[in-house]
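Below is the file model.txt, which contains compact mmCIF, C-alpha atoms.
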# COMPACT_ATOMS: atom_id res chain seq x y z
CA MET X 1 0.00 0.00 0.00
CA SER X 2 1.44 3.34 -1.06
CA PHE X 3 1.48 6.46 1.11
CA ASN X 4 -1.36 8.05 -0.88
CA GLN X 5 -3.46 4.90 -0.56
CA LEU X 6 -2.82 4.79 3.19
CA LYS X 7 -3.76 8.46 3.50
CA GLN X 8 -6.94 7.86 1.49
CA PHE X 9 -7.85 4.91 3.70
CA LEU X 10 -7.24 6.70 7.01
CA SER X 11 -8.89 9.98 6.02
CA VAL X 12 -11.81 8.82 3.84
CA ASP X 13 -12.38 5.09 3.30
CA LEU X 14 -12.13 4.17 6.99
CA TRP X 15 -14.86 6.67 7.91
CA HIS X 16 -17.12 5.44 5.11
CA THR X 17 -17.07 1.93 6.60
CA THR X 18 -19.59 1.30 9.36
CA ALA X 19 -19.72 -1.69 11.71
CA SER X 20 -22.57 -3.23 9.68
CA ASP X 21 -20.44 -3.05 6.51
CA VAL X 22 -17.75 -5.33 7.97
CA ALA X 23 -18.57 -9.03 8.10
CA SER X 24 -15.53 -10.27 10.00
CA GLY X 25 -15.55 -9.72 13.75
CA PHE X 26 -11.75 -9.44 13.89
CA GLN X 27 -11.72 -6.86 11.10
CA ARG X 28 -14.45 -4.92 12.90
CA VAL X 29 -12.27 -4.78 16.04
CA ILE X 30 -9.25 -3.62 14.02
CA TYR X 31 -11.26 -0.86 12.34
CA ALA X 32 -12.67 0.26 15.68
CA ALA X 33 -9.19 0.32 17.23
CA ILE X 34 -7.78 2.43 14.38
CA LYS X 35 -10.70 4.87 14.64
CA THR X 36 -10.22 5.11 18.41
CA VAL X 37 -6.53 5.93 18.03
CA ILE X 38 -7.18 8.59 15.39
CA LEU X 39 -10.01 10.21 17.35
CA SER X 40 -8.00 10.11 20.58
CA VAL X 41 -5.04 11.85 18.96
CA ARG X 42 -7.37 14.40 17.36
CA GLY X 43 -9.09 14.99 20.71
CA PHE X 44 -5.74 15.34 22.48
CA VAL X 45 -4.84 18.18 20.14
CA ASN X 46 -8.23 19.86 19.64
CA LYS X 47 -9.34 19.69 23.29
CA ASP X 48 -5.98 20.84 24.71
CA LEU X 49 -5.65 17.87 27.06
CA ASN X 50 -2.11 18.88 27.95
CA ILE X 51 -3.34 22.27 29.16
CA ARG X 52 -6.19 20.63 31.08
CA ALA X 53 -3.67 18.26 32.70
CA ASN X 54 -1.53 21.21 33.77
CA GLY X 55 -4.56 22.81 35.42
CA LEU X 56 -5.41 19.57 37.22
CA THR X 57 -1.80 19.22 38.35
CA TYR X 58 -1.87 22.67 39.94
CA SER X 59 -5.18 21.90 41.64
CA LEU X 60 -4.04 18.45 42.81
CA LEU X 61 -0.88 19.90 44.32
CA PHE X 62 -3.03 21.89 46.75
CA ALA X 63 -5.57 19.10 47.30
CA ILE X 64 -3.18 16.18 47.85
CA VAL X 65 -2.67 16.86 51.56
CA PRO X 66 -6.38 17.06 52.51
CA ILE X 67 -7.12 14.06 50.26
CA LEU X 68 -4.50 11.97 52.03
CA ALA X 69 -5.69 13.36 55.37
CA MET X 70 -9.19 12.09 54.69
CA ALA X 71 -7.86 8.74 53.47
CA LEU X 72 -5.69 8.41 56.58
CA ALA X 73 -8.62 9.33 58.84
CA VAL X 74 -10.79 6.61 57.28
CA ALA X 75 -7.95 4.08 57.51
CA LYS X 76 -7.38 4.95 61.17
CA ALA X 77 -11.03 4.20 61.88
CA PHE X 78 -10.38 0.63 60.68
CA GLY X 79 -6.93 0.41 62.26
CA PHE X 80 -5.14 0.29 58.90
CA ASP X 81 -3.44 3.70 58.84
CA HIS X 82 -0.03 2.03 58.35
CA VAL X 83 -1.34 0.58 55.07
CA ILE X 84 -1.74 4.06 53.58
CA GLU X 85 1.85 4.98 54.34
CA GLN X 86 3.11 1.64 53.01
CA ASN X 87 1.26 2.14 49.72
CA LEU X 88 2.71 5.64 49.40
CA ASN X 89 6.22 4.28 50.00
CA ASP X 90 5.70 1.70 47.27
CA SER X 91 4.64 4.38 44.78
CA PHE X 92 6.55 6.99 42.80
CA LEU X 93 6.35 9.30 45.83
CA GLY X 94 8.28 6.81 47.93
CA GLN X 95 11.11 6.70 45.40
CA MET X 96 11.47 10.47 45.72
CA ASN X 97 11.69 10.27 49.52
CA VAL X 98 8.89 12.80 49.93
CA VAL X 99 6.50 10.53 51.84
CA PRO X 100 7.80 11.53 55.30
CA THR X 101 7.38 15.18 54.41
CA ILE X 102 3.87 14.65 53.02
CA MET X 103 2.84 12.52 56.02
CA GLY X 104 4.13 15.24 58.31
CA PHE X 105 1.89 17.75 56.53
CA VAL X 106 -1.00 15.30 56.79
CA GLU X 107 -0.57 14.75 60.53
CA ARG X 108 -0.40 18.49 61.19
CA TYR X 109 -3.44 18.99 58.94
CA LEU X 110 -5.38 16.40 60.92
CA ASP X 111 -4.39 18.00 64.21
CA THR X 112 -5.50 21.41 62.90
CA ALA X 113 -8.74 20.20 61.34
CA GLN X 114 -9.83 18.18 64.35
CA GLY X 115 -12.49 20.12 66.13
CA GLY X 116 -13.67 17.20 68.18
CA ALA X 117 -12.88 14.24 65.90
CA PHE X 118 -13.68 15.96 62.60
CA ILE X 119 -16.90 17.61 63.74
CA GLY X 120 -18.26 20.94 62.55
CA VAL X 121 -15.93 23.47 60.96
CA GLY X 122 -12.96 21.11 60.80
CA LEU X 123 -14.88 18.60 58.70
CA PHE X 124 -16.33 21.30 56.47
CA ILE X 125 -12.89 22.79 55.71
CA LEU X 126 -11.49 19.35 54.94
CA LEU X 127 -14.29 18.46 52.52
CA TRP X 128 -14.32 21.84 50.81
CA ALA X 129 -10.55 21.68 50.15
CA VAL X 130 -11.08 18.45 48.22
CA TYR X 131 -14.38 19.43 46.59
CA THR X 132 -12.79 22.09 44.40
CA PHE X 133 -10.30 19.58 42.97
CA PHE X 134 -12.90 16.91 42.16
CA ARG X 135 -15.17 19.53 40.63
CA MET X 136 -12.34 20.52 38.29
CA VAL X 137 -11.83 16.84 37.36
CA GLU X 138 -15.53 16.47 36.55
CA ARG X 139 -15.48 19.62 34.43
CA SER X 140 -12.50 18.28 32.49
CA PHE X 141 -14.29 14.99 31.85
CA ASN X 142 -17.49 16.80 30.85
CA GLY X 143 -15.46 18.97 28.47
CA ILE X 144 -14.04 15.85 26.81
CA TRP X 145 -17.54 14.37 26.50
CA ASN X 146 -19.00 17.70 25.27
CA VAL X 147 -21.38 17.73 28.24
CA ARG X 148 -22.37 21.28 29.14
CA GLN X 149 -24.23 20.72 32.40
CA SER X 150 -22.55 19.46 35.56
CA ARG X 151 -24.21 17.53 38.35
CA SER X 152 -26.08 19.36 41.07
CA PHE X 153 -24.10 20.40 44.13
CA PRO X 154 -25.64 17.78 46.50
CA ARG X 155 -24.99 15.01 44.01
CA GLN X 156 -21.41 16.20 43.48
CA LEU X 157 -20.80 16.25 47.22
CA VAL X 158 -22.12 12.71 47.69
CA ASN X 159 -19.99 11.36 44.81
CA TYR X 160 -16.83 13.06 46.03
CA ILE X 161 -17.25 11.85 49.60
CA PHE X 162 -17.75 8.34 48.23
CA ILE X 163 -14.47 8.63 46.30
CA LEU X 164 -12.65 9.76 49.44
CA PHE X 165 -13.87 6.71 51.32
CA LEU X 166 -13.11 4.45 48.35
CA ILE X 167 -9.41 5.40 48.10
CA PRO X 168 -8.28 4.01 51.49
CA ILE X 169 -10.58 1.00 51.19
CA LEU X 170 -8.96 0.03 47.85
CA MET X 171 -5.50 0.49 49.36
CA ILE X 172 -6.48 -1.79 52.24
CA VAL X 173 -7.97 -4.40 49.88
CA THR X 174 -4.84 -4.37 47.72
CA SER X 175 -2.58 -4.89 50.73
CA ALA X 176 -4.88 -7.56 52.15
CA LEU X 177 -4.84 -9.53 48.90
CA SER X 178 -1.06 -9.31 48.69
CA ILE X 179 -0.76 -10.54 52.28
CA PHE X 180 -3.22 -13.35 51.53
CA PHE X 181 -1.22 -14.62 48.56
CA ASN X 182 2.05 -14.34 50.48
CA THR X 183 0.56 -16.26 53.41
CA ALA X 184 -0.92 -18.89 51.13
CA ALA X 185 2.48 -19.37 49.56
CA ALA X 186 3.89 -20.51 52.90
CA SER X 187 1.60 -23.54 52.84
CA LEU X 188 2.54 -24.48 49.29
CA PRO X 189 5.04 -27.26 48.66
CA GLU X 190 8.48 -26.29 47.50
CA VAL X 191 7.57 -26.39 43.83
CA ALA X 192 9.07 -23.76 41.55
CA VAL X 193 5.96 -23.51 39.36
CA LEU X 194 3.69 -22.83 42.33
CA ARG X 195 6.13 -20.32 43.77
CA ASN X 196 6.34 -18.49 40.46
CA MET X 197 2.54 -18.49 40.19
CA GLN X 198 2.25 -17.01 43.69
CA THR X 199 4.79 -14.29 42.87
CA TRP X 200 2.94 -13.51 39.65
CA LEU X 201 -0.39 -13.23 41.49
CA VAL X 202 1.06 -10.83 44.06
CA LYS X 203 2.35 -8.59 41.28
CA PHE X 204 -0.90 -8.92 39.33
CA VAL X 205 -3.21 -7.73 42.13
CA PRO X 206 -2.31 -4.01 41.83
CA PHE X 207 -3.00 -4.16 38.09
CA VAL X 208 -6.49 -5.59 38.65
CA VAL X 209 -7.26 -2.95 41.28
CA ALA X 210 -6.02 -0.20 38.93
CA TRP X 211 -8.19 -1.55 36.10
CA VAL X 212 -11.26 -1.52 38.33
CA VAL X 213 -10.53 1.98 39.66
CA PHE X 214 -9.96 3.58 36.26
CA THR X 215 -12.93 1.79 34.69
CA TRP X 216 -15.18 2.98 37.49
CA MET X 217 -13.73 6.50 37.16
CA TYR X 218 -14.54 6.71 33.43
CA ILE X 219 -18.12 5.57 34.11
CA ALA X 220 -18.90 7.61 37.22
CA ILE X 221 -17.25 11.00 36.66
CA PRO X 222 -18.73 12.25 33.33
CA ASN X 223 -22.27 13.55 33.69
CA THR X 224 -23.53 11.27 30.92
CA LYS X 225 -24.23 7.58 30.38
CA VAL X 226 -21.03 5.69 29.58
CA ARG X 227 -21.22 2.09 28.40
CA LEU X 228 -19.14 -0.47 30.27
CA VAL X 229 -17.04 -1.50 27.28
CA SER X 230 -16.28 2.17 26.51
CA ALA X 231 -14.87 2.58 30.02
CA ALA X 232 -13.27 -0.85 30.45
CA VAL X 233 -10.91 -0.60 27.47
CA PRO X 234 -9.26 2.69 28.52
CA GLY X 235 -9.52 1.52 32.14
CA VAL X 236 -7.31 -1.47 31.38
CA VAL X 237 -4.93 0.49 29.14
CA ILE X 238 -4.45 3.47 31.47
CA GLY X 239 -4.46 1.29 34.59
CA THR X 240 -1.66 -0.80 33.10
CA LEU X 241 0.34 2.27 32.09
CA PHE X 242 -0.12 3.75 35.55
CA GLN X 243 1.21 0.61 37.23
CA LEU X 244 4.11 0.42 34.78
CA LEU X 245 4.93 4.01 35.70
CA GLN X 246 5.17 2.92 39.34
CA MET X 247 7.39 -0.04 38.43
CA LEU X 248 9.66 2.17 36.34
CA SER X 249 9.84 4.83 39.03
CA VAL X 250 13.31 3.73 40.17
CA TYR X 251 14.76 4.10 36.69
CA ILE X 252 12.93 7.37 36.13
CA ILE X 253 14.27 8.80 39.38
CA VAL X 254 17.80 7.80 38.45
CA PHE X 255 17.40 9.32 34.99
CA LEU X 256 15.99 12.55 36.38
CA SER X 257 18.36 12.74 39.34
CA ARG X 258 20.51 15.13 37.32
CA THR X 259 18.03 17.83 38.29
CA SER X 260 19.58 17.79 41.76
CA VAL X 261 22.56 19.58 40.25
CA VAL X 262 20.29 22.52 39.46
CA TYR X 263 17.73 22.34 42.25
CA GLY X 264 19.82 20.87 45.05
CA ALA X 265 17.65 19.94 48.04
CA PHE X 266 14.56 21.08 46.14
CA ALA X 267 14.99 18.46 43.40
CA SER X 268 11.97 16.51 44.65
CA ILE X 269 9.64 19.43 43.82
CA PRO X 270 9.98 19.31 39.99
CA LEU X 271 9.97 15.49 40.12
CA LEU X 272 6.72 15.53 42.10
CA LEU X 273 5.18 17.99 39.66
CA MET X 274 6.23 15.85 36.70
CA TRP X 275 4.72 12.72 38.27
CA LEU X 276 1.45 14.50 39.03
CA GLN X 277 1.34 15.97 35.51
CA TRP X 278 1.96 12.57 33.89
CA SER X 279 -0.73 10.98 36.05
CA CYS X 280 -3.30 13.67 35.23
CA LEU X 281 -2.46 13.51 31.54
CA MET X 282 -2.87 9.72 31.44
CA ILE X 283 -6.25 10.00 33.17
CA LEU X 284 -7.49 12.58 30.64
CA VAL X 285 -6.16 10.57 27.68
CA GLY X 286 -8.13 7.60 29.01
CA ALA X 287 -11.26 9.75 29.19
CA GLU X 288 -10.72 10.80 25.56
CA MET X 289 -10.31 7.14 24.58
CA SER X 290 -13.58 6.32 26.34
CA PHE X 291 -15.36 9.10 24.46
CA SER X 292 -13.83 7.98 21.14
CA ILE X 293 -14.88 4.34 21.61
CA GLN X 294 -18.48 5.20 22.45
CA ASN X 295 -18.94 7.91 19.82
CA GLN X 296 -16.75 6.84 16.92
CA ASP X 297 -19.79 6.15 14.75
CA HIS X 298 -20.71 9.85 15.08
CA PHE X 299 -17.57 10.72 13.13
CA GLU X 300 -18.33 8.45 10.17
CA TYR X 301 -19.13 10.47 7.05
CA GLU X 302 -18.21 13.54 9.10
CA GLN X 303 -17.08 15.65 6.15
CA GLU X 304 -20.10 14.74 4.04
CA LEU X 305 -22.56 15.39 6.88
CA SER X 306 -21.12 18.85 7.47
CA THR X 307 -21.73 19.75 3.81
CA ILE X 308 -24.90 17.74 3.11
CA SER X 309 -27.24 19.31 0.57
CA ARG X 310 -30.76 20.26 1.50
CA ARG X 311 -32.17 18.00 -1.24
CA TYR X 312 -30.36 14.92 0.04
CA LYS X 313 -31.23 15.67 3.66
CA ASP X 314 -34.91 16.00 2.69
CA LEU X 315 -34.65 12.69 0.83
CA VAL X 316 -33.28 10.95 3.93
CA MET X 317 -35.96 12.56 6.09
CA LEU X 318 -38.80 11.41 3.83
CA TYR X 319 -37.36 7.88 3.63
CA ILE X 320 -36.98 7.55 7.43
CA LEU X 321 -40.55 8.83 7.83
CA HIS X 322 -41.68 6.28 5.22
CA VAL X 323 -40.05 3.46 7.23
CA ILE X 324 -41.68 4.68 10.46
CA ILE X 325 -45.12 4.84 8.82
CA CYS X 326 -44.80 1.38 7.22
CA ARG X 327 -43.80 -0.22 10.53
CA PHE X 328 -46.70 1.52 12.28
CA GLU X 329 -49.27 0.36 9.71
CA GLN X 330 -47.92 -3.20 9.84
CA ASP X 331 -48.27 -3.10 13.65
CA GLU X 332 -44.53 -3.65 14.18
CA GLN X 333 -42.60 -2.36 17.18
CA PRO X 334 -41.31 1.21 16.69
CA LEU X 335 -37.55 1.58 16.37
CA THR X 336 -35.02 3.81 18.11
CA VAL X 337 -32.63 6.13 16.31
CA ARG X 338 -29.80 3.61 16.62
CA GLU X 339 -31.97 0.76 15.32
CA LEU X 340 -33.19 2.82 12.36
CA ALA X 341 -29.62 3.79 11.53
CA MET X 342 -28.34 0.20 11.69
CA GLN X 343 -31.29 -1.27 9.79
CA GLU X 344 -31.21 1.26 6.96
CA HIS X 345 -27.41 1.72 6.92
CA ILE X 346 -27.70 5.50 7.42
CA HIS X 347 -25.54 7.49 9.81
CA SER X 348 -27.10 7.69 13.28
CA ARG X 349 -26.32 11.39 13.67
CA LEU X 350 -28.20 12.22 10.45
CA VAL X 351 -31.11 9.97 11.49
CA ALA X 352 -31.25 11.75 14.85
CA GLN X 353 -31.27 15.15 13.11
CA VAL X 354 -34.10 14.40 10.69
CA ILE X 355 -36.20 12.65 13.35
CA GLY X 356 -35.62 15.64 15.62
CA HIS X 357 -37.05 17.92 12.93
CA LEU X 358 -40.04 15.63 12.44
CA VAL X 359 -40.73 15.62 16.19
CA GLU X 360 -40.47 19.42 16.33
CA VAL X 361 -43.06 19.93 13.59
CA GLY X 362 -45.44 17.38 15.13
CA ILE X 363 -45.30 14.65 12.47
CA VAL X 364 -43.47 12.07 14.59
CA ARG X 365 -43.66 11.53 18.34
CA GLU X 366 -41.48 9.81 20.91
CA VAL X 367 -42.80 6.69 22.65
CA HIS X 368 -41.36 4.83 25.60
CA ILE X 369 -41.29 1.04 25.31
CA GLU X 370 -41.08 -0.77 28.63
CA GLY X 371 -37.72 -2.40 29.15
CA ARG X 372 -35.90 -0.11 26.69
CA GLU X 373 -33.79 2.85 27.74
CA GLU X 374 -33.84 4.72 24.42
CA ARG X 375 -36.92 6.39 23.00
CA SER X 376 -38.68 4.90 19.97
CA TYR X 377 -40.61 6.80 17.28
CA GLN X 378 -43.95 6.46 15.54
CA PRO X 379 -46.30 8.76 13.57
CA ALA X 380 -48.00 11.54 15.52
CA LEU X 381 -50.75 12.00 12.91
CA ASP X 382 -53.13 9.86 10.93
CA THR X 383 -50.91 8.30 8.27
CA HIS X 384 -53.57 9.03 5.62
CA LEU X 385 -52.97 12.75 6.19
CA ILE X 386 -49.18 12.68 5.85
CA THR X 387 -48.31 13.76 2.32
CA ILE X 388 -44.92 14.71 0.91
CA GLY X 389 -46.07 18.29 0.35
CA MET X 390 -47.39 18.61 3.91
CA VAL X 391 -44.14 17.31 5.40
CA LEU X 392 -41.93 19.61 3.33
CA GLU X 393 -44.15 22.62 4.00
CA ARG X 394 -44.10 22.05 7.77
CA ILE X 395 -40.32 21.69 7.71
CA GLU X 396 -39.90 24.84 5.60
CA ARG X 397 -42.26 26.91 7.73
CA TYR X 398 -40.96 25.74 11.10
CA GLY X 399 -39.30 28.56 13.02
CA ALA X 400 -39.63 32.34 13.31
CA GLU X 401 -40.85 34.33 10.28
CA ASP X 402 -41.67 37.93 9.32
CA PHE X 403 -39.51 39.54 11.98
CA PHE X 404 -37.68 42.08 9.76
CA GLN X 405 -40.36 44.73 10.17
CA HIS X 406 -38.11 47.52 8.88
CA ALA X 407 -37.32 45.83 5.55
CA PRO X 408 -40.15 47.08 3.26
CA GLY X 409 -38.49 45.70 0.15
CA LEU X 410 -38.40 42.19 1.60
CA GLN X 411 -42.04 42.36 2.67
CA ALA X 412 -43.18 43.63 -0.71
CA PHE X 413 -41.18 40.91 -2.48
CA GLY X 414 -42.78 38.21 -0.34
CA GLU X 415 -46.27 39.55 -0.97
CA ARG X 416 -45.56 39.63 -4.69
CA LEU X 417 -44.42 35.98 -4.71
CA ASN X 418 -47.58 34.94 -2.89
CA SER X 419 -49.82 36.77 -5.36
CA ILE X 420 -48.42 35.47 -8.65
CA GLN X 421 -48.12 32.05 -10.19
CA TYR X 422 -44.43 31.28 -10.51
CA SER X 423 -42.37 28.20 -11.29
CA ARG X 424 -38.73 27.14 -11.21
CA THR X 425 -38.25 28.73 -14.65
CA THR X 426 -39.53 32.14 -13.57
CA LEU X 427 -36.80 34.78 -13.86
CA LEU X 428 -36.20 36.72 -10.68
CA ARG X 429 -35.66 39.88 -12.73
CA ASP X 430 -39.25 39.57 -14.03
CA ILE X 431 -40.81 39.72 -10.53
CA TYR X 432 -41.72 43.40 -10.22
CA VAL X 433 -42.31 44.79 -6.78
Rendering of file as structure tokens:
Amino acid sequence: MSFNQLKQFLSVDLWHTTASDVASGFQRVIYAAIKTVILSVRGFVNKDLNIRANGLTYSLLFAIVPILAMALAVAKAFGFDHVIEQNLNDSFLGQMNVVPTIMGFVERYLDTAQGGAFIGVGLFILLWAVYTFFRMVERSFNGIWNVRQSRSFPRQLVNYIFILFLIPILMIVTSALSIFFNTAAASLPEVAVLRNMQTWLVKFVPFVVAWVVFTWMYIAIPNTKVRLVSAAVPGVVIGTLFQLLQMLSVYIIVFLSRTSVVYGAFASIPLLLMWLQWSCLMILVGAEMSFSIQNQDHFEYEQELSTISRRYKDLVMLYILHVIICRFEQDEQPLTVRELAMQEHIHSRLVAQVIGHLVEVGIVREVHIEGREERSYQPALDTHLITIGMVLERIERYGAEDFFQHAPGLQAFGERLNSIQYSRTTLLRDIYV
């Protein structure tokens, strides 16, 4: 395949191939993967994910102490506060020898915030310090998903408190599973295969926990419905990369230790900022991957849909309406937008647009079928009254009219058109006002 052929395939042919056009399941997965990569790269550039990550890094730098303070407080309630510190020592932070400093800040923060075991003002200050960070995370995710409206304040507060309780619990579960596998290994016979399997399981547990955490994050944070598969794929990818970053932390620290020549005792500060920035960037890239997986069909025929002619759009609208009417008269179950698009091999975004117009002008109505989440559509009028002329006239007349009151020439021209018999061959120059 030549360069021009590859360019043609990636820019045009790939986006003219829908899932229903591909018979092979393996080929369908390959096409979806290529589309996801292209859309993720495009979203990374167009949505300024690097700038968003920088903003989150700055916000996280101020929120990290109260977040760890809350996690430590929850762990103390269960008697597992040492687990939090152990997990921090095993992470990138531990390799930079900043955990003692951070834990010192946390202990002093807890002592300051305690107004009778986190009651009253102390608890409010602690929660508000973290709320602003999580709100910024949600806004970043909503921006990636093109969601304009955030959750209500009470719902945000409940979700964020749940996350704060979830962090130490996951750390405790991870440590408990590691201890369990290590303890179970003591009872195993001295067989190399079993020992290797036990070692592999201990190392595999953090990956599974990371996959679950990131998958849950990509489902729960955006204020929109995210399908499980759309969150699980980036959850596994980003969770794996995040754990590999922890495993490579020793080599990264050695490589970046040259900064101590410039920064001296403050060398841990730029390293901490870099680690936070990488983490935030990976999280946002995963969110963009999730959006790309779920919405990649919206980008098929993107160039053509942005320049679609009125004639062709009217043709699609009349055909979709024809299908809806025929199914209604044959007493068949009404279809959703997605089902109409898949059945008729027409882009779902265009189907949604034309059905939206038909609903607005009162020709089609939404119906809710029990057991189905998406709305279905059927005629809103007697099908014997729905003519092509009536449909086109309602579409053409829908919206505001006659609001240029200070344009006498326009008004006179409109009155003249209504009073004469004209056709497509009538010359505009012959219409005298």
Rank X:Ala231, X:Val130, X:Ile221, X:Ile346 by their smallest atom-to-atom distance to Glu300 of chain X, using only C-alpha atoms, and report the top residue only.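 Using only C-alpha atoms, Glu300 of chain X sits closest to X:Ile346.
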Go through X:Glu302, X:Ala69, X:Val37, X:Phe291 one by one, measure the shortest atom-to-atom distance of each to Asp13 of chain X using all atoms listed in the file, and give the residue with the smallest value.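 Checking each candidate against Asp13 of chain X, we get X:Glu302 as the closest.
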Using all atoms listed in the file, which protein or nucleic acid residues come within 10 Å of Arg338 of chain X? Drop anything in the same chain fewer than 4 positions from it, and give the result as a count of residues only. 11
I'd like to know which of X:Phe165, X:Tyr432, X:Trp216, X:Phe153 is closest to Phe413 of chain X, using all atoms listed in the file.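 Result for the nearest residue to Phe413 of chain X: X:Tyr432.
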In terms of the shortest atom-to-atom distance over all atoms listed in the file, which of X:Val316, X:Ala73, X:Ile238, X:Ile38 is closest to Val285 of chain X?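 Distance minimum relative to Val285 of chain X lands on X:Ile238.
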Nearest to Asp297 of chain X: which of X:Val361, X:Val65, X:Phe26, X:Trp15 is it, counting only C-alpha atoms? X:Trp15
Which distance in Å separates atom CA of Val22 of chain X and atom CA of Arg327 of chain X, to one decimal?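 Distance between the two atoms: 26.7 Å.
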Best match for closeness to Glu373 of chain X among X:His298, X:Lys225, X:His345, X:His406, counting all atoms listed in the file: X:Lys225
As an exercise, work out the distance from atom CA of Leu385 of chain X to atom CA of Ile363 of chain X in Å and give it to one decimal place.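 Taking atom CA of Leu385 of chain X as the start and atom CA of Ile363 of chain X as the end point, the length is 10.1 Å.
In this structure, atom CA of Asn142 of chain X sits 15.8 Å away from atom CA of Asn50 of chain X.
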Would you kindly return, as a PyMOL selection string, each protein, DNA or RNA residue with an atom no farther than 10 Å from any atom of Cys280 of chain X, considering all atoms listed in the file and excluding same-chain residues fewer than 6 positions away? chain X and resi 49-50+52-57+60+137+274+286
Which residues come within 12 Å of Val236 of chain X, counting only C-alpha atoms, excluding same-chain residues fewer than 4 positions away, as number ranges by chain? X: 206-218, 228-232, 240-243, 283, 286, 289-290
Leaving out Lys47 of chain X and any residue of its chain fewer than 2 positions from it, which residues lie within 12 Å of it when counting all atoms listed in the file, given as an mmCIF file with C-alpha atoms, in the coordinates of the input?
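Final file, out.cif:
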data_model
loop_
_atom_site.group_PDB
_atom_site.id
_atom_site.type_symbol
_atom_site.label_atom_id
_atom_site.label_comp_id
_atom_site.auth_asym_id
_atom_site.auth_seq_id
_atom_site.Cartn_x
_atom_site.Cartn_y
_atom_site.Cartn_z
ATOM 1 C CA LEU X 39 -10.010 10.210 17.350
ATOM 2 C CA SER X 40 -8.000 10.110 20.580
ATOM 3 C CA VAL X 41 -5.040 11.850 18.960
ATOM 4 C CA ARG X 42 -7.370 14.400 17.360
ATOM 5 C CA GLY X 43 -9.090 14.990 20.710
ATOM 6 C CA PHE X 44 -5.740 15.340 22.480
ATOM 7 C CA VAL X 45 -4.840 18.180 20.140
ATOM 8 C CA LEU X 49 -5.650 17.870 27.060
ATOM 9 C CA ASN X 50 -2.110 18.880 27.950
ATOM 10 C CA ILE X 51 -3.340 22.270 29.160
ATOM 11 C CA ARG X 52 -6.190 20.630 31.080
ATOM 12 C CA ALA X 53 -3.670 18.260 32.700
ATOM 13 C CA SER X 140 -12.500 18.280 32.490
ATOM 14 C CA PHE X 141 -14.290 14.990 31.850
ATOM 15 C CA ASN X 142 -17.490 16.800 30.850
ATOM 16 C CA GLY X 143 -15.460 18.970 28.470
ATOM 17 C CA ILE X 144 -14.040 15.850 26.810
ATOM 18 C CA TRP X 145 -17.540 14.370 26.500
ATOM 19 C CA ASN X 146 -19.000 17.700 25.270
ATOM 20 C CA LEU X 284 -7.490 12.580 30.640
ATOM 21 C CA VAL X 285 -6.160 10.570 27.680
ATOM 22 C CA ALA X 287 -11.260 9.750 29.190
ATOM 23 C CA GLU X 288 -10.720 10.800 25.560
#
